[in-house]
$ cat start.tsv   # TSV, C-alpha atoms
chain	number	residue	atom	x	y	z
J	1	MET	CA	-26.42	37.60	33.69
J	2	VAL	CA	-23.68	36.97	36.22
J	3	TYR	CA	-20.31	35.67	35.08
J	4	ASN	CA	-17.90	33.78	37.28
J	5	LEU	CA	-14.62	35.60	36.67
J	6	THR	CA	-12.58	33.66	39.21
J	7	PRO	CA	-10.65	31.69	36.51
J	8	ILE	CA	-9.55	34.96	34.90
J	9	GLN	CA	-8.54	36.42	38.25
J	10	ASN	CA	-6.53	33.31	39.03
J	11	SER	CA	-4.70	33.42	35.68
J	12	GLU	CA	-1.11	34.45	36.14
J	13	SER	CA	0.12	34.46	32.53
J	14	ILE	CA	-1.15	35.36	29.07
J	15	PRO	CA	-1.61	31.72	27.93
J	16	ALA	CA	-3.48	30.92	31.11
J	17	LEU	CA	-5.65	33.96	30.48
J	18	VAL	CA	-6.45	32.77	26.95
J	19	VAL	CA	-7.24	29.27	28.23
J	20	ALA	CA	-9.48	30.71	30.94
J	21	ALA	CA	-11.32	32.92	28.42
J	22	ASP	CA	-11.77	29.94	26.13
J	23	GLY	CA	-13.20	27.90	28.96
J	24	LEU	CA	-15.54	30.72	30.00
J	25	SER	CA	-16.83	31.12	26.43
J	26	GLY	CA	-17.41	27.39	26.00
J	27	ASN	CA	-14.63	26.88	23.40
J	28	VAL	CA	-16.16	29.55	21.16
J	29	LEU	CA	-12.98	31.64	21.40
J	30	MET	CA	-10.76	29.00	19.79
J	31	ILE	CA	-13.40	28.11	17.20
J	32	LEU	CA	-13.61	31.75	16.13
J	33	PHE	CA	-9.80	31.92	16.15
J	34	ILE	CA	-9.41	28.99	13.75
J	35	LEU	CA	-12.28	30.23	11.56
J	36	ALA	CA	-10.64	33.67	11.36
J	37	ILE	CA	-7.35	32.10	10.32
J	38	PHE	CA	-9.19	30.04	7.70
J	39	PHE	CA	-11.04	32.93	6.10
J	40	VAL	CA	-8.07	35.30	6.19
J	41	SER	CA	-5.88	32.64	4.58
J	42	LEU	CA	-8.59	31.92	2.01
J	43	LEU	CA	-8.87	35.59	1.05
J	44	ILE	CA	-5.10	36.14	0.95
J	45	LEU	CA	-4.45	33.06	-1.22
J	46	LYS	CA	-7.43	33.76	-3.48
J	47	ARG	CA	-5.11	35.48	-5.95
J	48	PHE	CA	-3.82	32.02	-6.96
J	49	GLY	CA	-7.33	30.79	-7.73
J	50	PHE	CA	-10.15	29.93	-5.38
J	51	VAL	CA	-9.74	26.16	-5.43
J	52	TYR	CA	-5.99	26.34	-4.72
J	53	ALA	CA	-6.70	28.78	-1.89
J	54	TRP	CA	-9.41	26.45	-0.58
J	55	VAL	CA	-7.17	23.37	-0.56
J	56	SER	CA	-4.24	25.22	1.02
J	57	SER	CA	-6.35	26.91	3.68
J	58	THR	CA	-8.30	23.80	4.65
J	59	TRP	CA	-5.13	21.70	4.93
J	60	GLY	CA	-3.31	24.31	7.01
J	61	CYS	CA	-6.31	24.81	9.26
J	62	PHE	CA	-6.64	21.03	9.56
J	63	VAL	CA	-3.12	20.83	10.99
J	64	LEU	CA	-3.68	23.76	13.36
J	65	SER	CA	-7.12	22.63	14.49
J	66	SER	CA	-5.96	19.06	15.07
J	67	ILE	CA	-3.33	20.42	17.48
J	68	LEU	CA	-5.98	22.56	19.16
J	69	ALA	CA	-8.27	19.52	19.37
J	70	LEU	CA	-5.45	17.57	20.99
J	71	GLY	CA	-5.31	20.26	23.66
J	72	GLY	CA	-9.05	19.91	24.20
J	73	PHE	CA	-9.85	23.43	23.04
J	74	ILE	CA	-12.16	22.52	20.15
J	75	ASN	CA	-14.24	19.51	19.19
J	76	ILE	CA	-12.67	16.85	17.00
J	77	ILE	CA	-15.31	17.46	14.32
J	78	TRP	CA	-13.47	20.66	13.26
J	79	PRO	CA	-10.21	19.05	12.09
J	80	LEU	CA	-12.21	16.27	10.47
J	81	GLY	CA	-14.30	18.88	8.62
J	82	PHE	CA	-11.20	20.72	7.41
J	83	LEU	CA	-9.68	17.41	6.31
J	84	ALA	CA	-12.81	16.47	4.34
J	85	GLY	CA	-12.81	19.92	2.73
J	86	ALA	CA	-9.17	19.56	1.69
J	87	ALA	CA	-9.80	16.09	0.26
J	88	LEU	CA	-12.86	17.19	-1.71
J	89	GLY	CA	-10.97	20.20	-3.07
J	90	THR	CA	-8.14	17.91	-4.15
J	91	LEU	CA	-10.62	15.61	-5.87
J	92	TYR	CA	-12.13	18.57	-7.71
J	93	LEU	CA	-8.70	19.82	-8.82
J	94	TYR	CA	-7.85	16.41	-10.27
J	95	ALA	CA	-11.29	15.86	-11.79
J	96	ILE	CA	-11.17	19.09	-13.80
J	97	GLY	CA	-7.68	18.18	-14.99
J	98	GLN	CA	-5.52	20.81	-13.32
N	99	MET	CA	-15.23	18.51	-18.18
N	100	ILE	CA	-14.58	15.43	-16.08
N	101	GLU	CA	-12.45	12.77	-17.73
N	102	ILE	CA	-12.28	9.25	-16.38
N	103	LYS	CA	-8.47	9.21	-16.02
N	104	ASN	CA	-8.45	12.46	-14.07
N	105	TYR	CA	-11.37	11.30	-11.94
N	106	ILE	CA	-9.60	8.05	-11.00
N	107	LEU	CA	-6.40	9.99	-10.20
N	108	GLY	CA	-8.54	12.37	-8.15
N	109	ILE	CA	-10.02	9.47	-6.19
N	110	LEU	CA	-6.51	8.20	-5.45
N	111	ALA	CA	-5.39	11.68	-4.35
N	112	PHE	CA	-8.59	11.97	-2.26
N	113	VAL	CA	-7.79	8.68	-0.52
N	114	PHE	CA	-4.18	9.70	0.07
N	115	VAL	CA	-5.19	13.07	1.55
N	116	ILE	CA	-7.60	11.34	3.93
N	117	VAL	CA	-5.08	8.66	4.88
N	118	GLY	CA	-2.34	11.26	5.36
N	119	GLY	CA	-4.58	13.42	7.51
N	120	VAL	CA	-5.74	10.53	9.65
N	121	PHE	CA	-2.10	9.40	9.97
N	122	TRP	CA	-1.11	12.91	11.06
N	123	MET	CA	-3.85	12.98	13.69
N	124	ALA	CA	-2.91	9.49	14.89
N	125	SER	CA	0.73	10.58	15.12
N	126	ILE	CA	0.08	13.51	17.39
N	127	TYR	CA	-2.68	11.73	19.34
N	128	VAL	CA	-0.65	8.57	19.94
N	129	ASN	CA	-0.52	9.10	23.67
N	130	SER	CA	-4.12	10.25	23.98
N	131	SER	CA	-6.87	7.72	24.42
N	132	SER	CA	-9.57	10.29	23.69
N	133	LEU	CA	-9.00	9.99	19.90
N	134	THR	CA	-9.66	6.28	19.51
N	135	ASN	CA	-12.72	6.52	21.75
N	136	ASP	CA	-14.27	9.41	19.84
N	137	PRO	CA	-17.21	8.07	17.77
N	138	ASP	CA	-16.90	10.84	15.16
N	139	TYR	CA	-13.28	9.95	14.48
N	140	VAL	CA	-14.05	6.25	14.29
N	141	ALA	CA	-16.92	6.81	11.83
N	142	PHE	CA	-14.82	9.17	9.70
N	143	ASN	CA	-11.88	6.78	9.58
N	144	SER	CA	-13.90	3.69	8.74
N	145	THR	CA	-15.78	5.55	6.02
N	146	PHE	CA	-12.87	7.10	4.16
N	147	ASN	CA	-9.95	4.79	4.81
N	148	LYS	CA	-10.39	2.54	1.78
N	149	LEU	CA	-6.77	2.36	0.66
N	150	GLU	CA	-6.56	-1.39	1.23
N	151	ALA	CA	-9.63	-2.17	-0.87
N	152	THR	CA	-8.42	0.04	-3.74
N	153	SER	CA	-4.92	-1.47	-3.74
N	154	ALA	CA	-6.41	-4.97	-3.70
N	155	GLN	CA	-8.41	-4.16	-6.84
N	156	VAL	CA	-5.31	-2.75	-8.55
N	157	ASP	CA	-3.47	-5.97	-7.61
N	158	THR	CA	-6.24	-7.90	-9.36
N	159	LEU	CA	-5.48	-5.91	-12.52
N	160	GLU	CA	-1.79	-6.68	-12.17
N	161	THR	CA	-2.20	-10.42	-11.69
N	162	GLY	CA	-4.47	-10.51	-14.74
N	163	ILE	CA	-1.47	-9.52	-16.89
N	164	THR	CA	1.35	-11.25	-15.03
N	165	GLN	CA	-0.43	-14.60	-14.94
N	166	ALA	CA	-1.05	-14.70	-18.66
N	167	GLU	CA	0.26	-17.98	-20.03
N	168	PRO	CA	1.74	-17.90	-23.53
N	169	GLU	CA	1.81	-21.72	-23.52
N	170	GLN	CA	-1.87	-21.70	-24.24
N	171	GLY	CA	-1.25	-19.89	-27.46
N	172	LEU	CA	-2.32	-16.49	-28.61
N	173	PHE	CA	-5.75	-16.75	-27.06
N	174	GLY	CA	-4.33	-17.24	-23.55
N	175	VAL	CA	-2.69	-13.81	-23.61
N	176	LEU	CA	-5.68	-12.31	-25.41
N	177	ASN	CA	-8.03	-13.79	-22.84
N	178	SER	CA	-6.00	-12.31	-19.97
N	179	LEU	CA	-5.92	-8.91	-21.65
N	180	ILE	CA	-9.69	-9.00	-22.10
N	181	SER	CA	-10.21	-10.01	-18.48
N	182	THR	CA	-7.83	-7.23	-17.38
N	183	ALA	CA	-9.80	-4.70	-19.37
N	184	TRP	CA	-13.00	-6.02	-17.85
N	185	ASN	CA	-11.53	-5.81	-14.33
N	186	SER	CA	-10.37	-2.25	-14.96
N	187	LEU	CA	-13.91	-1.36	-16.02
N	188	LYS	CA	-15.14	-2.95	-12.80
N	189	LEU	CA	-12.52	-0.91	-10.89
N	190	ILE	CA	-13.91	2.28	-12.39
N	191	TYR	CA	-17.43	1.49	-11.26
N	192	SER	CA	-16.30	0.29	-7.83
N	193	SER	CA	-14.51	3.64	-7.54
N	194	PHE	CA	-17.85	5.32	-8.15
N	195	GLY	CA	-19.30	3.14	-5.42
N	196	PHE	CA	-16.47	4.14	-3.11
N	197	MET	CA	-17.08	7.82	-3.74
N	198	THR	CA	-20.80	7.34	-3.05
N	199	THR	CA	-19.81	5.68	0.23
N	200	ALA	CA	-17.50	8.60	1.00
N	201	TYR	CA	-20.22	11.17	0.32
N	202	GLU	CA	-22.63	9.22	2.52
N	203	GLY	CA	-19.88	9.20	5.16
N	204	LEU	CA	-19.88	12.99	5.00
N	205	SER	CA	-23.59	12.85	5.64
N	206	THR	CA	-23.12	10.54	8.62
N	207	VAL	CA	-20.24	12.41	10.27
N	208	PHE	CA	-21.23	16.02	9.64
N	209	GLY	CA	-25.01	15.77	9.58
N	210	VAL	CA	-25.44	16.85	5.96
N	211	PRO	CA	-28.89	15.88	4.58
N	212	VAL	CA	-28.54	12.50	2.90
N	213	TRP	CA	-29.98	13.54	-0.49
N	214	ILE	CA	-27.09	15.98	-1.11
N	215	PRO	CA	-24.33	13.31	-1.25
N	216	LEU	CA	-26.65	11.00	-3.18
N	217	ILE	CA	-27.27	13.70	-5.81
N	218	ILE	CA	-23.52	14.47	-6.04
N	219	GLY	CA	-22.72	10.79	-6.58
N	220	ALA	CA	-25.52	10.38	-9.11
N	221	VAL	CA	-24.42	13.42	-11.11
N	222	VAL	CA	-20.82	12.21	-11.30
N	223	ILE	CA	-21.90	8.70	-12.33
N	224	VAL	CA	-24.21	10.08	-15.03
N	225	ILE	CA	-21.44	12.33	-16.41
N	226	ILE	CA	-18.90	9.49	-16.55
N	227	THR	CA	-21.42	7.07	-18.08
N	228	PHE	CA	-22.29	9.54	-20.84
N	229	GLN	CA	-18.60	10.06	-21.50
N	230	ILE	CA	-18.07	6.29	-21.84
N	231	TRP	CA	-21.00	6.08	-24.26
N	232	GLY	CA	-19.66	9.07	-26.17
N	233	ALA	CA	-16.25	7.44	-26.42
N	234	ILE	CA	-17.77	4.18	-27.67
N	235	PHE	CA	-20.16	5.66	-30.21
N	236	GLN	CA	-17.95	8.66	-31.12
N	237	ARG	CA	-20.69	11.18	-30.58

$ encode --input "start.tsv" --output "structure tokens"
Amino acid sequence: MVYNLTPIQNSESIPALVVAADGLSGNVLMILFILAIFFVSLLILKRFGFVYAWVSSTWGCFVLSSILALGGFINIIWPLGFLAGAALGTLYLYAIGQ
Amino acid sequence: MIEIKNYILGILAFVFVIVGGVFWMASIYVNSSSLTNDPDYVAFNSTFNKLEATSAQVDTLETGITQAEPEQGLFGVLNSLISTAWNSLKLIYSSFGFMTTAYEGLSTVFGVPVWIPLIIGAVVIVIITFQIWGAIFQR
């Protein structure tokens, strides 16, 4: 398989390099980036209880991914998915009375 | 175990999280026309943004009490209290209907198989109904 590396060669700064790599990988780079942030945050905050960690992580990743979606790096379905996850976690927290 | 009061509060918090998130996205996307033209966003927003309908039903509860007329005697106030209780019961079940709509919205937007949200909604409704029966018959 032959890759066209001209966008990387034309990148003159680190952000431009990241944007070029994201474009070459078909937005997979930023999707993996936000997923990594989500799972790391989930595992770090798990000490406070899984549901609290879930709600916090999904809401934080919703904010980050909505900014990334504004820049056109990821599809808009990702922030919407994180938002739905945060809302369902909140509903569960209230429903079990915590 | 799910209690009705907590479940209703949870539905309100659910609605506020969705409305706050959609408001946040609209705030940062205000100069971008790609948001309002995205069919996923439109479907998500129209499915979950039910704040107006919920507040209208709560207003119905409020007017049931505030428009009680003591001039009609004791039964006027009693009648309004009964109708308020009946409307609050209707609000509970319309909240179930709203949550079923929300779960089906998940199915529409994210491609989840449709029987999963239907089963979730059915399980919640069955639990709440049994709790109402248990509260009535003290069993």

$ interface_residues --input "start.tsv" --of "chain N" --to "chain J" --cutoff "7 Å" --atoms "all atoms listed in the file" --output "PyMOL selection string"
chain N and resi 99-101+104-105+107-109+111-112+115-116+119+123+127+138

$ atom_distance --input "start.tsv" --atom1 "CA of Leu159 (chain N)" --atom2 "CA of Ser186 (chain N)"
6.6 Å

$ residues_around --input "start.tsv" --residues "Ile223 (chain N)" --least-positions-apart "5" --cutoff "10 Å" --atoms "all atoms listed in the file" --output "PyMOL selection string"
chain N and resi 191+194-195+197-198+217-218+228-229

$ atom_distance --input "start.tsv" --atom1 "CA of Thr164 (chain N)" --atom2 "CA of Ile180 (chain N)"
13.3 Å

$ atom_distance --input "start.tsv" --atom1 "CA of Ser56 (chain J)" --atom2 "CA of Val128 (chain N)"
25.5 Å

$ axis_aligned_box --input "start.tsv" --around "region 104-111 of chain N" --padding-each-side "8 Å" --output "lines of an AutoDock Vina configuration file"
center_x = -8.4
center_y = 10.3
center_z = -9.2
size_x = 22.0
size_y = 20.4
size_z = 25.7

$ closest_residue --input "start.tsv" --among "J:Leu5, J:Leu43, J:Leu64, J:Ala36" --to "Leu17 (chain J)" --atoms "all atoms listed in the file"
J:Leu5

$ residues_around --input "start.tsv" --residues "Val28 (chain J)" --least-positions-apart "6" --cutoff "12 Å" --atoms "only C-alpha atoms" --output "number ranges by chain"
J: 18-22, 34-36, 73-75

$ closest_residue --input "start.tsv" --among "J:Leu68, J:Ser11, J:Gly85, J:Ala16" --to "Phe33 (chain J)" --atoms "only C-alpha atoms"
J:Leu68

$ build_atoms --input "start.tsv" --residues "region 134-151 of chain N" --atoms "N, CA and C atoms" --output "mmCIF file, in the coordinates of the input"
data_model
loop_
_atom_site.group_PDB
_atom_site.id
_atom_site.type_symbol
_atom_site.label_atom_id
_atom_site.label_comp_id
_atom_site.auth_asym_id
_atom_site.auth_seq_id
_atom_site.Cartn_x
_atom_site.Cartn_y
_atom_site.Cartn_z
ATOM 1 N N THR N 134 -9.123 7.562 19.955
ATOM 2 C CA THR N 134 -9.660 6.280 19.510
ATOM 3 C C THR N 134 -11.036 6.020 20.088
ATOM 4 N N ASN N 135 -11.390 6.733 21.165
ATOM 5 C CA ASN N 135 -12.720 6.520 21.750
ATOM 6 C C ASN N 135 -13.753 7.482 21.197
ATOM 7 N N ASP N 136 -13.316 8.434 20.340
ATOM 8 C CA ASP N 136 -14.270 9.410 19.840
ATOM 9 C C ASP N 136 -15.082 8.798 18.692
ATOM 10 N N PRO N 137 -16.413 8.730 18.821
ATOM 11 C CA PRO N 137 -17.210 8.070 17.770
ATOM 12 C C PRO N 137 -17.149 8.778 16.427
ATOM 13 N N ASP N 138 -17.000 10.126 16.436
ATOM 14 C CA ASP N 138 -16.900 10.840 15.160
ATOM 15 C C ASP N 138 -15.641 10.423 14.392
ATOM 16 N N TYR N 139 -14.533 10.342 15.126
ATOM 17 C CA TYR N 139 -13.280 9.950 14.480
ATOM 18 C C TYR N 139 -13.357 8.536 13.941
ATOM 19 N N VAL N 140 -13.954 7.644 14.723
ATOM 20 C CA VAL N 140 -14.050 6.250 14.290
ATOM 21 C C VAL N 140 -14.901 6.130 13.025
ATOM 22 N N ALA N 141 -16.042 6.864 13.012
ATOM 23 C CA ALA N 141 -16.920 6.810 11.830
ATOM 24 C C ALA N 141 -16.218 7.401 10.616
ATOM 25 N N PHE N 142 -15.535 8.525 10.804
ATOM 26 C CA PHE N 142 -14.820 9.170 9.700
ATOM 27 C C PHE N 142 -13.753 8.237 9.140
ATOM 28 N N ASN N 143 -12.976 7.625 10.016
ATOM 29 C CA ASN N 143 -11.880 6.780 9.580
ATOM 30 C C ASN N 143 -12.391 5.553 8.832
ATOM 31 N N SER N 144 -13.399 4.902 9.387
ATOM 32 C CA SER N 144 -13.900 3.690 8.740
ATOM 33 C C SER N 144 -14.587 3.986 7.425
ATOM 34 N N THR N 145 -15.110 5.217 7.270
ATOM 35 C CA THR N 145 -15.780 5.550 6.020
ATOM 36 C C THR N 145 -14.792 5.839 4.900
ATOM 37 N N PHE N 146 -13.731 6.594 5.213
ATOM 38 C CA PHE N 146 -12.870 7.100 4.160
ATOM 39 C C PHE N 146 -11.626 6.268 3.931
ATOM 40 N N ASN N 147 -11.238 5.459 4.920
ATOM 41 C CA ASN N 147 -9.950 4.790 4.810
ATOM 42 C C ASN N 147 -10.107 3.511 4.004
ATOM 43 N N LYS N 148 -10.131 3.670 2.674
ATOM 44 C CA LYS N 148 -10.390 2.540 1.780
ATOM 45 C C LYS N 148 -9.162 2.187 0.958
ATOM 46 N N LEU N 149 -7.981 2.571 1.445
ATOM 47 C CA LEU N 149 -6.770 2.360 0.660
ATOM 48 C C LEU N 149 -6.540 0.880 0.389
ATOM 49 N N GLU N 150 -6.822 0.040 1.384
ATOM 50 C CA GLU N 150 -6.560 -1.390 1.230
ATOM 51 C C GLU N 150 -7.443 -2.003 0.148
ATOM 52 N N ALA N 151 -8.721 -1.613 0.134
ATOM 53 C CA ALA N 151 -9.630 -2.170 -0.870
ATOM 54 C C ALA N 151 -9.215 -1.740 -2.273
#
